[in-house]
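*Asks:* Pasting run-v4.txt below, which is compact mmCIF, C-alpha atoms and all ligand atoms.
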# COMPACT_ATOMS: atom_id res chain seq x y z
CA MET A 1 0.00 0.00 0.00
CA ASN A 2 1.29 3.44 -0.89
CA THR A 3 1.18 5.53 2.31
CA HIS A 4 3.25 8.56 1.36
CA THR A 5 1.73 11.99 2.08
CA LEU A 6 0.51 13.84 -1.00
CA GLN A 7 2.25 17.08 -1.85
CA SER A 8 -0.29 19.82 -1.03
CA HIS A 9 -0.96 22.51 -3.60
CA LEU A 10 -0.96 25.04 -0.74
CA THR A 11 2.33 26.28 0.58
CA ASP A 12 2.72 27.50 4.16
CA GLY A 13 0.77 30.65 5.03
CA GLU A 14 -1.42 30.47 1.95
CA PHE A 15 -4.69 29.62 3.71
CA SER A 16 -7.29 32.15 2.68
CA PHE A 17 -9.00 32.80 5.98
CA ALA A 18 -12.25 34.76 6.18
CA ASN A 19 -11.98 38.54 6.38
CA ARG A 20 -13.61 38.46 9.80
CA MET A 21 -10.50 36.91 11.29
CA GLN A 22 -8.61 40.11 10.45
CA CYS A 23 -11.16 42.01 12.54
CA ILE A 24 -10.71 40.03 15.75
CA PRO A 25 -8.01 41.52 17.96
CA LYS A 26 -5.68 39.03 19.59
CA SER A 27 -6.10 38.80 23.35
CA PHE A 28 -3.09 40.52 24.87
CA ILE A 29 -4.03 38.97 28.20
CA ARG A 30 -3.82 35.43 26.84
CA GLU A 31 -0.36 36.36 25.54
CA ILE A 32 0.71 37.63 28.98
CA LEU A 33 -0.78 34.54 30.60
CA LYS A 34 1.59 32.38 28.56
CA VAL A 35 4.50 34.24 30.20
CA THR A 36 2.96 34.14 33.66
CA ALA A 37 2.45 30.40 33.50
CA GLN A 38 6.07 30.11 34.75
CA PRO A 39 5.93 29.23 38.45
CA ASP A 40 8.25 31.99 39.70
CA VAL A 41 6.21 34.84 38.21
CA ILE A 42 3.92 36.81 40.51
CA SER A 43 0.97 37.58 38.31
CA PHE A 44 -1.64 40.26 38.83
CA ALA A 45 -2.48 39.88 35.15
CA GLY A 46 -5.13 37.18 34.81
CA GLY A 47 -8.75 37.42 35.73
CA LEU A 48 -8.77 34.07 37.44
CA PRO A 49 -10.89 33.19 40.45
CA ASN A 50 -9.01 31.86 43.46
CA PRO A 51 -8.95 28.05 43.07
CA GLN A 52 -8.78 27.68 46.85
CA TYR A 53 -12.49 28.50 46.85
CA PHE A 54 -13.57 26.05 44.20
CA PRO A 55 -16.05 23.68 45.89
CA VAL A 56 -13.99 20.65 44.93
CA GLU A 57 -15.36 18.18 47.46
CA ALA A 58 -18.97 19.23 46.98
CA LEU A 59 -18.69 19.05 43.19
CA LYS A 60 -17.01 15.67 43.45
CA ASN A 61 -19.88 14.36 45.57
CA ALA A 62 -22.39 15.87 43.16
CA ALA A 63 -20.65 14.20 40.23
CA ILE A 64 -20.66 10.80 41.95
CA LYS A 65 -24.35 11.15 42.74
CA VAL A 66 -25.22 12.16 39.18
CA PHE A 67 -23.25 9.25 37.71
CA GLU A 68 -24.71 6.78 40.18
CA GLN A 69 -28.29 7.92 39.80
CA ASP A 70 -28.51 8.80 36.11
CA GLY A 71 -25.25 7.74 34.46
CA CYS A 72 -26.60 6.88 31.03
CA ASN A 73 -28.69 10.00 30.63
CA VAL A 74 -26.03 12.45 31.73
CA LEU A 75 -23.70 11.12 29.06
CA GLN A 76 -26.32 11.48 26.33
CA TYR A 77 -27.02 14.43 23.98
CA ALA A 78 -29.43 16.91 25.53
CA VAL A 79 -31.72 19.81 24.62
CA SER A 80 -30.15 23.03 23.30
CA GLU A 81 -31.84 25.39 25.76
CA GLY A 82 -30.30 23.60 28.75
CA TYR A 83 -31.42 21.43 31.66
CA LYS A 84 -34.85 22.67 32.69
CA PRO A 85 -34.39 22.30 36.48
CA LEU A 86 -31.18 24.35 36.22
CA ARG A 87 -33.03 27.07 34.30
CA GLU A 88 -35.77 26.97 36.96
CA TYR A 89 -33.14 27.37 39.68
CA ILE A 90 -31.60 30.39 37.94
CA ALA A 91 -35.04 32.00 37.51
CA MET A 92 -35.84 31.31 41.18
CA ARG A 93 -32.54 32.87 42.30
CA TYR A 94 -33.25 36.06 40.29
CA LYS A 95 -36.60 36.26 42.07
CA LEU A 96 -35.06 35.70 45.51
CA THR A 97 -32.02 37.93 45.17
CA GLN A 98 -33.40 40.73 42.98
CA ASN A 99 -37.15 40.27 42.90
CA LEU A 100 -36.69 39.95 39.15
CA ASP A 101 -39.38 37.96 37.31
CA ILE A 102 -37.81 35.74 34.69
CA ASP A 103 -39.54 32.72 33.20
CA PRO A 104 -37.32 29.60 32.99
CA ASP A 105 -38.13 29.58 29.25
CA GLU A 106 -36.51 32.99 29.01
CA ILE A 107 -33.21 31.38 30.03
CA LEU A 108 -30.70 29.65 27.78
CA ILE A 109 -27.77 27.78 29.33
CA THR A 110 -24.54 28.71 27.56
CA ASN A 111 -20.93 27.67 27.45
CA GLY A 112 -19.98 30.46 29.89
CA SER A 113 -21.25 34.01 29.61
CA GLN A 114 -18.65 34.47 26.89
CA GLN A 115 -20.91 32.44 24.61
CA GLY A 116 -23.82 34.69 25.58
CA ILE A 117 -21.88 37.68 24.24
CA ASP A 118 -21.08 35.81 21.05
CA LEU A 119 -24.70 34.72 20.57
CA ALA A 120 -25.93 38.30 21.03
CA GLY A 121 -23.55 39.34 18.26
CA LYS A 122 -24.48 36.39 16.08
CA VAL A 123 -28.24 36.96 16.19
CA PHE A 124 -28.25 40.77 16.06
CA LEU A 125 -25.26 42.08 14.13
CA ASN A 126 -24.87 42.62 10.42
CA PRO A 127 -21.54 43.98 9.20
CA HIS A 128 -21.25 47.74 9.97
CA ASP A 129 -24.02 47.69 12.58
CA LYS A 130 -23.11 49.87 15.53
CA VAL A 131 -22.16 48.43 18.91
CA LEU A 132 -21.79 50.79 21.83
CA LEU A 133 -19.14 49.87 24.38
CA GLU A 134 -18.08 51.36 27.68
CA SER A 135 -14.59 52.76 27.40
CA PRO A 136 -12.61 50.84 28.55
CA SER A 137 -14.36 47.50 28.04
CA TYR A 138 -13.92 43.75 28.43
CA LEU A 139 -11.55 42.40 25.82
CA GLY A 140 -13.44 39.12 25.38
CA ALA A 141 -16.53 41.09 24.34
CA ILE A 142 -14.55 43.19 21.88
CA GLN A 143 -13.23 39.95 20.40
CA ALA A 144 -16.65 38.27 20.27
CA PHE A 145 -18.44 41.21 18.64
CA SER A 146 -15.55 41.90 16.25
CA ALA A 147 -16.21 38.61 14.44
CA TYR A 148 -19.49 40.12 13.19
CA GLU A 149 -17.66 43.13 11.74
CA PRO A 150 -19.56 45.92 13.49
CA GLU A 151 -18.60 49.54 13.96
CA PHE A 152 -17.74 50.24 17.59
CA ILE A 153 -18.83 53.45 19.29
CA THR A 154 -17.47 54.08 22.77
CA VAL A 155 -18.69 56.11 25.71
CA ASP A 156 -16.44 56.89 28.67
CA LEU A 157 -16.94 55.37 32.08
CA GLN A 158 -17.02 57.70 35.07
CA ALA A 159 -16.60 56.77 38.74
CA ASP A 160 -20.34 55.98 39.05
CA GLY A 161 -20.90 54.31 35.69
CA ILE A 162 -21.24 55.31 32.07
CA ASP A 163 -21.25 59.01 31.15
CA THR A 164 -25.01 59.29 30.64
CA ASN A 165 -24.79 62.75 29.01
CA ALA A 166 -22.50 61.33 26.35
CA LEU A 167 -24.73 58.25 26.08
CA LYS A 168 -27.74 60.48 25.46
CA MET A 169 -25.92 62.29 22.63
CA VAL A 170 -24.78 59.07 21.01
CA LEU A 171 -28.24 57.48 21.17
CA ALA A 172 -29.80 60.63 19.72
CA ASN A 173 -27.38 60.81 16.81
CA GLN A 174 -26.52 57.24 15.94
CA ASN A 175 -28.45 54.11 15.22
CA ILE A 176 -26.96 51.79 17.85
CA LYS A 177 -27.94 48.14 17.48
CA LEU A 178 -26.41 46.79 20.70
CA MET A 179 -25.05 48.42 23.82
CA TYR A 180 -22.71 46.21 25.86
CA ALA A 181 -22.29 47.09 29.54
CA ILE A 182 -20.94 45.52 32.73
CA PRO A 183 -22.72 47.50 35.45
CA ASN A 184 -21.29 45.52 38.40
CA PHE A 185 -17.56 45.69 39.25
CA GLN A 186 -16.60 46.10 35.65
CA ASN A 187 -13.76 44.28 34.01
CA PRO A 188 -11.29 46.03 33.80
CA THR A 189 -12.04 49.09 36.01
CA GLY A 190 -13.97 47.61 38.96
CA ILE A 191 -16.48 50.47 38.52
CA SER A 192 -20.17 49.92 39.32
CA TYR A 193 -23.13 51.94 38.11
CA SER A 194 -24.95 53.95 40.78
CA ILE A 195 -28.68 53.35 41.01
CA GLU A 196 -29.26 56.73 39.34
CA LYS A 197 -27.12 55.74 36.38
CA ARG A 198 -28.86 52.38 36.06
CA ILE A 199 -32.21 54.11 35.86
CA ALA A 200 -30.91 56.86 33.57
CA THR A 201 -29.36 54.28 31.22
CA ALA A 202 -32.62 52.32 31.12
CA ASN A 203 -34.62 55.51 30.45
CA LEU A 204 -32.34 56.57 27.61
CA LEU A 205 -32.39 53.13 26.01
CA SER A 206 -36.15 52.81 26.36
CA ASN A 207 -36.45 55.72 23.91
CA SER A 208 -34.36 53.89 21.33
CA ASN A 209 -34.32 50.55 19.50
CA THR A 210 -31.01 49.64 21.07
CA ILE A 211 -30.78 46.29 22.83
CA LEU A 212 -28.75 46.29 26.03
CA VAL A 213 -26.40 43.35 26.59
CA GLU A 214 -25.97 43.49 30.36
CA ASP A 215 -23.04 41.28 31.31
CA ASP A 216 -23.02 40.37 35.00
CA PRO A 217 -20.44 37.75 35.95
CA TYR A 218 -19.34 39.63 39.10
CA GLY A 219 -22.62 40.92 40.61
CA SER A 220 -22.72 38.26 43.35
CA ILE A 221 -19.13 39.00 44.43
CA GLU A 222 -20.00 42.24 46.21
CA PHE A 223 -18.43 43.45 49.44
CA THR A 224 -20.92 45.99 50.78
CA GLY A 225 -23.93 43.77 51.44
CA LYS A 226 -25.98 46.12 49.26
CA PRO A 227 -26.38 44.47 45.86
CA MET A 228 -27.67 46.69 43.06
CA PRO A 229 -30.60 45.77 40.82
CA SER A 230 -29.88 44.71 37.27
CA ILE A 231 -30.69 47.29 34.60
CA LYS A 232 -32.99 44.56 33.24
CA LYS A 233 -35.25 45.36 36.18
CA PHE A 234 -35.96 48.76 34.57
CA LEU A 235 -35.65 47.81 30.90
CA ASN A 236 -36.99 44.30 30.82
CA LYS A 237 -37.63 43.15 27.24
CA GLN A 238 -34.92 45.33 25.76
CA THR A 239 -32.22 43.72 27.89
CA ILE A 240 -30.22 40.56 27.35
CA LEU A 241 -28.90 39.72 30.81
CA LEU A 242 -25.87 37.41 30.98
CA GLY A 243 -24.90 35.40 34.04
CA SER A 244 -22.20 32.89 34.88
CA PHE A 245 -21.20 30.15 37.30
CA SER A 246 -17.53 30.92 36.59
CA LYS A 247 -16.91 33.31 39.46
CA ILE A 248 -19.27 31.70 41.99
CA ALA A 249 -18.50 28.01 41.41
CA SER A 250 -16.06 27.01 38.65
CA PRO A 251 -14.94 28.57 35.36
CA GLY A 252 -13.70 25.23 34.04
CA MET A 253 -17.21 23.80 33.98
CA ARG A 254 -17.99 26.48 31.37
CA LEU A 255 -21.53 27.25 32.42
CA GLY A 256 -23.30 30.54 32.04
CA TRP A 257 -26.70 31.70 30.88
CA VAL A 258 -28.63 34.26 28.89
CA ALA A 259 -31.87 35.71 30.28
CA ALA A 260 -33.84 37.47 27.56
CA ASP A 261 -37.18 37.78 25.84
CA LYS A 262 -38.43 34.43 24.48
CA LYS A 263 -38.15 35.66 20.89
CA ILE A 264 -34.48 36.45 21.42
CA ILE A 265 -33.92 33.12 23.17
CA ALA A 266 -35.53 31.29 20.24
CA GLN A 267 -33.08 32.89 17.81
CA MET A 268 -30.16 32.22 20.11
CA ILE A 269 -31.12 28.55 20.40
CA VAL A 270 -30.90 28.21 16.62
CA ALA A 271 -27.58 30.06 16.59
CA LYS A 272 -26.26 27.90 19.42
CA GLN A 273 -27.32 24.68 17.71
CA ALA A 274 -25.17 25.69 14.77
CA THR A 275 -22.20 26.21 17.09
CA ASP A 276 -22.27 23.39 19.63
CA LEU A 277 -25.75 21.76 19.78
CA HIS A 278 -25.97 22.34 23.55
CA SER A 279 -23.84 23.21 26.57
CA ASN A 280 -22.05 20.36 28.32
CA PHE A 281 -24.90 18.34 29.83
CA LEU A 282 -22.72 16.55 32.37
CA SER A 283 -21.52 19.91 33.73
CA GLN A 284 -25.10 21.15 33.91
CA ARG A 285 -26.23 18.10 35.85
CA ILE A 286 -23.30 18.25 38.26
CA ILE A 287 -23.74 21.94 38.99
CA TYR A 288 -27.46 21.41 39.49
CA GLN A 289 -26.83 18.59 41.95
CA PHE A 290 -24.29 20.80 43.73
CA LEU A 291 -26.90 23.56 43.98
CA MET A 292 -29.48 21.13 45.38
CA ASP A 293 -27.15 19.69 48.03
CA ASN A 294 -25.35 22.86 49.12
CA ASP A 295 -26.22 26.43 50.00
CA LEU A 296 -24.83 28.55 47.17
CA GLU A 297 -25.16 31.76 49.16
CA THR A 298 -22.97 30.34 51.97
CA HIS A 299 -20.39 29.34 49.39
CA ILE A 300 -20.51 32.80 47.79
CA SER A 301 -20.03 34.47 51.21
CA GLN A 302 -16.77 32.57 51.64
CA ILE A 303 -15.55 33.83 48.27
CA LYS A 304 -16.65 37.37 49.07
CA ASN A 305 -14.91 37.40 52.45
CA ALA A 306 -11.70 36.09 50.93
CA TYR A 307 -11.70 38.50 47.98
CA LYS A 308 -12.52 41.45 50.23
CA GLN A 309 -9.47 40.61 52.34
CA GLN A 310 -7.35 40.29 49.22
CA ARG A 311 -8.67 43.61 47.92
CA ASP A 312 -7.93 45.28 51.26
CA GLN A 313 -4.44 43.85 51.28
CA MET A 314 -3.76 45.12 47.77
CA LEU A 315 -5.13 48.58 48.61
CA GLY A 316 -2.94 48.59 51.75
CA CYS A 317 0.08 47.73 49.59
CA ILE A 318 -0.72 50.57 47.19
CA HIS A 319 -0.73 52.98 50.15
CA LYS A 320 2.46 51.53 51.60
CA TYR A 321 4.55 50.95 48.52
CA PHE A 322 3.35 53.04 45.56
CA PRO A 323 4.11 56.72 44.90
CA GLN A 324 1.13 58.93 45.70
CA GLN A 325 0.85 60.15 42.11
CA VAL A 326 -0.49 56.70 41.20
CA LYS A 327 -4.28 56.96 41.48
CA TYR A 328 -6.63 54.03 41.88
CA ILE A 329 -10.30 53.11 42.07
CA THR A 330 -11.53 51.16 45.09
CA PRO A 331 -13.75 48.35 43.80
CA GLU A 332 -16.71 47.35 45.99
CA GLY A 333 -16.66 43.84 44.53
CA GLY A 334 -15.24 41.72 41.74
CA MET A 335 -11.59 40.96 41.20
CA PHE A 336 -9.74 44.03 39.86
CA ILE A 337 -8.12 47.31 40.91
CA TRP A 338 -7.67 49.93 38.20
CA LEU A 339 -4.75 52.31 38.47
CA THR A 340 -3.82 55.48 36.63
CA LEU A 341 -0.22 56.61 36.35
CA PRO A 342 0.57 60.31 35.86
CA GLN A 343 0.20 61.55 32.25
CA GLY A 344 3.13 60.60 30.05
CA TYR A 345 3.88 57.35 31.86
CA ASN A 346 3.17 54.32 29.71
CA ALA A 347 2.05 51.16 31.51
CA PHE A 348 3.44 49.00 28.68
CA ASP A 349 6.91 50.35 29.58
CA LEU A 350 6.20 49.54 33.21
CA LEU A 351 5.19 45.99 32.25
CA GLN A 352 8.50 45.59 30.49
CA LYS A 353 10.38 46.60 33.64
CA ALA A 354 8.10 44.57 35.88
CA SER A 355 8.38 41.39 33.82
CA GLU A 356 12.18 41.59 34.11
CA GLN A 357 11.55 41.19 37.84
CA LYS A 358 8.95 38.51 37.23
CA ILE A 359 5.88 40.60 38.01
CA ALA A 360 2.96 40.75 35.58
CA PHE A 361 -0.17 42.89 35.21
CA VAL A 362 -2.26 44.07 32.28
CA PRO A 363 -1.58 47.53 30.81
CA GLY A 364 -4.92 49.31 30.63
CA GLY A 365 -4.41 50.47 27.04
CA THR A 366 -5.38 46.98 25.87
CA PHE A 367 -8.97 47.60 27.00
CA PHE A 368 -9.47 50.77 24.94
CA LEU A 369 -10.27 50.83 21.26
CA GLU A 370 -9.04 54.34 20.59
CA GLY A 371 -5.45 54.02 21.75
CA LYS A 372 -6.37 55.79 24.99
CA GLY A 373 -5.45 54.83 28.55
CA GLN A 374 -1.76 54.18 27.92
CA ASN A 375 -1.09 55.33 31.49
CA THR A 376 -3.61 52.92 33.06
CA MET A 377 -3.25 49.38 34.35
CA ARG A 378 -5.35 46.55 35.77
CA LEU A 379 -4.31 44.52 38.79
CA ASN A 380 -6.07 41.30 39.76
CA TYR A 381 -6.12 40.50 43.48
CA SER A 382 -8.19 37.31 43.64
CA ASN A 383 -5.58 34.84 42.48
CA THR A 384 -2.48 35.71 44.50
CA GLU A 385 -1.77 34.40 47.99
CA THR A 386 -1.04 36.78 50.88
CA GLN A 387 2.73 36.51 50.92
CA GLN A 388 3.14 36.68 47.16
CA LEU A 389 0.74 39.58 46.92
CA GLU A 390 2.78 41.56 49.45
CA GLU A 391 6.06 40.67 47.78
CA GLY A 392 4.81 41.43 44.26
CA MET A 393 3.27 44.75 45.23
CA LYS A 394 6.41 45.77 47.14
CA LYS A 395 8.56 45.02 44.08
CA LEU A 396 6.15 46.83 41.77
CA GLY A 397 6.20 49.78 44.16
CA SER A 398 9.98 50.03 44.12
CA ILE A 399 10.02 49.78 40.30
CA LEU A 400 7.51 52.67 40.22
CA TRP A 401 9.53 54.80 42.67
CA GLU A 402 12.71 54.22 40.70
CA TRP A 403 10.97 54.95 37.37
CA MET A 404 9.10 58.05 38.51
CA ARG A 405 12.00 59.73 40.36
C1 LIG B 501 -16.97 40.90 31.94
C2 LIG B 501 -16.80 39.46 31.62
N1 LIG B 501 -17.72 38.85 30.87
C3 LIG B 501 -17.62 37.54 30.56
C4 LIG B 501 -16.55 36.80 31.00
C5 LIG B 501 -16.48 35.34 30.60
O1 LIG B 501 -16.91 34.56 31.63
P1 LIG B 501 -17.37 33.05 31.46
O2 LIG B 501 -16.35 32.24 32.15
O3 LIG B 501 -18.70 33.00 32.13
O4 LIG B 501 -17.47 32.76 30.01
C6 LIG B 501 -15.57 37.38 31.80
C7 LIG B 501 -14.43 36.58 32.25
O5 LIG B 501 -13.51 37.00 32.84
C8 LIG B 501 -15.70 38.75 32.11
O6 LIG B 501 -14.79 39.39 32.85
Spell out the structure here as structure tokens.
Ligand SMILES: Cc1ncc(COP(=O)(O)O)c(C=O)c1O

*Replies:*
Amino acid sequence: MNTHTLQSHLTDGEFSFANRMQCIPKSFIREILKVTAQPDVISFAGGLPNPQYFPVEALKNAAIKVFEQDGCNVLQYAVSEGYKPLREYIAMRYKLTQNLDIDPDEILITNGSQQGIDLAGKVFLNPHDKVLLESPSYLGAIQAFSAYEPEFITVDLQADGIDTNALKMVLANQNIKLMYAIPNFQNPTGISYSIEKRIATANLLSNSNTILVEDDPYGSIEFTGKPMPSIKKFLNKQTILLGSFSKIASPGMRLGWVAADKKIIAQMIVAKQATDLHSNFLSQRIIYQFLMDNDLETHISQIKNAYKQQRDQMLGCIHKYFPQQVKYITPEGGMFIWLTLPQGYNAFDLLQKASEQKIAFVPGGTFFLEGKGQNTMRLNYSNTETQQLEEGMKKLGSILWEWMR
């Protein structure tokens, strides 16, 4: 038998990829993460939850139970919209925690909330449609929407949420198809919308045809004990609300959800079928069993207490070790602290110096579309242990002092 490989007509690099691939920016963070994978690097770069608070034992027990009780079914194909009892649980939790009425059939289980962003783009965006983003915004959303070749319009974030005056102007003058916002402990800035801005945003959007994609992976990780209502509460049918188990249970299980009008869900189901048929059914069943056998709110309180301590430690380090000209935003939840260096200082240069001393963070410029924010940076506090956090911040502080002398 002749087994030699045929000579391909294509030479290296000649694949003619779709134009859309040119539009998708590469994730700078994933690139940094490759560097920070080395064990001796202290990384404030990733957006990873602290694995110490993954409910390993409880999920293991849930998995055993699911396999023992329903082994054949959990390994079978399943419906695209997701496991109904899990959707019922999510709807029930919205009712309990936010008094938000969502029908289980208005929920689609997704492969993380990242897929929810992608599905919103897939079902709503034609090339050149306008997508409004907060500036800065979450890189994964910029990547997901970019595949649908939209035009991005940005509106600045202020300390209490989006600049609603600028938002009003944009909505009055431009035909915006989707607005993407992260009103709770935003990635990357940690900023949350005040109640006034939530209501103002809903009011402005209600006078337009714009659909709000409200991404909320961090809302449950709040430190004040005063959770804010979703904007969906004020702008129901016009809002696609995205949620996730990544930050409250496990990101590796890849489970999130979309809560939206049934007509939107119906379109998303078709779009999702084309992508992956359905979200991992085994994961859905295990997480559901975990939710039945454990108190999620108790588990979340442990995460919140730990992250609050880590945030406080990082803020303490900024006070102790950083020059005063470095400004920062105190996040009331989530996983990130946003810093601003004095004008003229470029955080990419700082990263260069820091990585020589095996410290990593994300320069804030990567989260802006317009080349702005070169003097900003994002630090993650959730995934570094006490001693390393202190050591890394002390080193970063002395690099800053030396550099800014
Ligand atoms: C704002 C935001 N949205 C979505 C995601 C993706 O989360 P998931 O793991 O649920 O896909 C992240 C992850 O870091 C995020 O920060």

*Asks:* Distance atom CA of Ala78 of chain A-atom C1 of ligand LIG 501 (chain B), one decimal place?

*Replies:*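 Atom C1 of ligand LIG 501 (chain B) lies at a distance of 27.8 Å from atom CA of Ala78 of chain A.
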
*Asks:* For ligand LIG 501 (chain B), collect every residue having any atom at a distance of at most 8 Å from a ligand atom (counting all atoms listed in the file); output as a compact mmCIF listing (two decimals) with C-alpha atoms, keeping the file's coordinate frame.

*Replies:*
# COMPACT_ATOMS: atom_id res chain seq x y z
CA GLY A 47 -8.75 37.42 35.73
CA LEU A 48 -8.77 34.07 37.44
CA ASN A 111 -20.93 27.67 27.45
CA GLY A 112 -19.98 30.46 29.89
CA SER A 113 -21.25 34.01 29.61
CA GLN A 114 -18.65 34.47 26.89
CA GLN A 115 -20.91 32.44 24.61
CA GLY A 116 -23.82 34.69 25.58
CA ILE A 117 -21.88 37.68 24.24
CA TYR A 138 -13.92 43.75 28.43
CA GLY A 140 -13.44 39.12 25.38
CA ALA A 141 -16.53 41.09 24.34
CA ILE A 182 -20.94 45.52 32.73
CA GLN A 186 -16.60 46.10 35.65
CA ASN A 187 -13.76 44.28 34.01
CA PRO A 188 -11.29 46.03 33.80
CA ASP A 215 -23.04 41.28 31.31
CA ASP A 216 -23.02 40.37 35.00
CA PRO A 217 -20.44 37.75 35.95
CA TYR A 218 -19.34 39.63 39.10
CA GLY A 243 -24.90 35.40 34.04
CA SER A 244 -22.20 32.89 34.88
CA PHE A 245 -21.20 30.15 37.30
CA SER A 246 -17.53 30.92 36.59
CA LYS A 247 -16.91 33.31 39.46
CA PRO A 251 -14.94 28.57 35.36
CA GLY A 252 -13.70 25.23 34.04
CA ARG A 254 -17.99 26.48 31.37
CA LEU A 255 -21.53 27.25 32.42
CA GLY A 256 -23.30 30.54 32.04

*Asks:* Considering only C-alpha atoms, state which residue in the set A:Ile102, A:Leu96, A:Leu341, A:Leu167 is at the smallest distance from Ala181 of chain A.

*Replies:* A:Leu167

*Asks:* Please determine, counting all atoms listed in the file, which residue among A:Tyr83, A:Tyr148, A:Phe17, A:Phe44 has the shortest atom-to-atom distance to Leu351 of chain A.

*Replies:*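 That would be A:Phe44, the residue with the smallest distance to Leu351 of chain A.
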
*Asks:* Need to verify the contact set: segment 367-378 of chain A, 8 Å, only C-alpha atoms, exclusion of same-chain residues closer than 6 positions in sequence. Can you return it as a list in words?

*Replies:* Phe44, Ala45, Ser135, Pro136, Ser137, Tyr138, Leu139, Pro188, Thr189, Phe336, Ile337, Trp338, Leu339, Thr340, Leu341, Pro342, Gln343, Gly344, Tyr345, Asn346, Ala347, Phe348 and Phe361 of chain A

*Asks:* Calculate how many Å separate atom CA of Ser283 of chain A from atom CA of Leu242 of chain A, rounding to one decimal.

*Replies:*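 Computing it gives 18.2 Å between the two atoms.
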
*Asks:* Pick out the residues sitting within 10 Å of segment 60-77 of chain A, and hand them over as a count of residues only; count only C-alpha atoms, and ignore anything fewer than 2 positions along from it in its own chain.

*Replies:* 24

*Asks:* For the atom pair atom CA of Val362 of chain A and atom CA of Gly46 of chain A, what is the interatomic distance in Å to one decimal place?

*Replies:*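 Answer for the atom CA of Val362 of chain A to atom CA of Gly46 of chain A separation: 7.9 Å.
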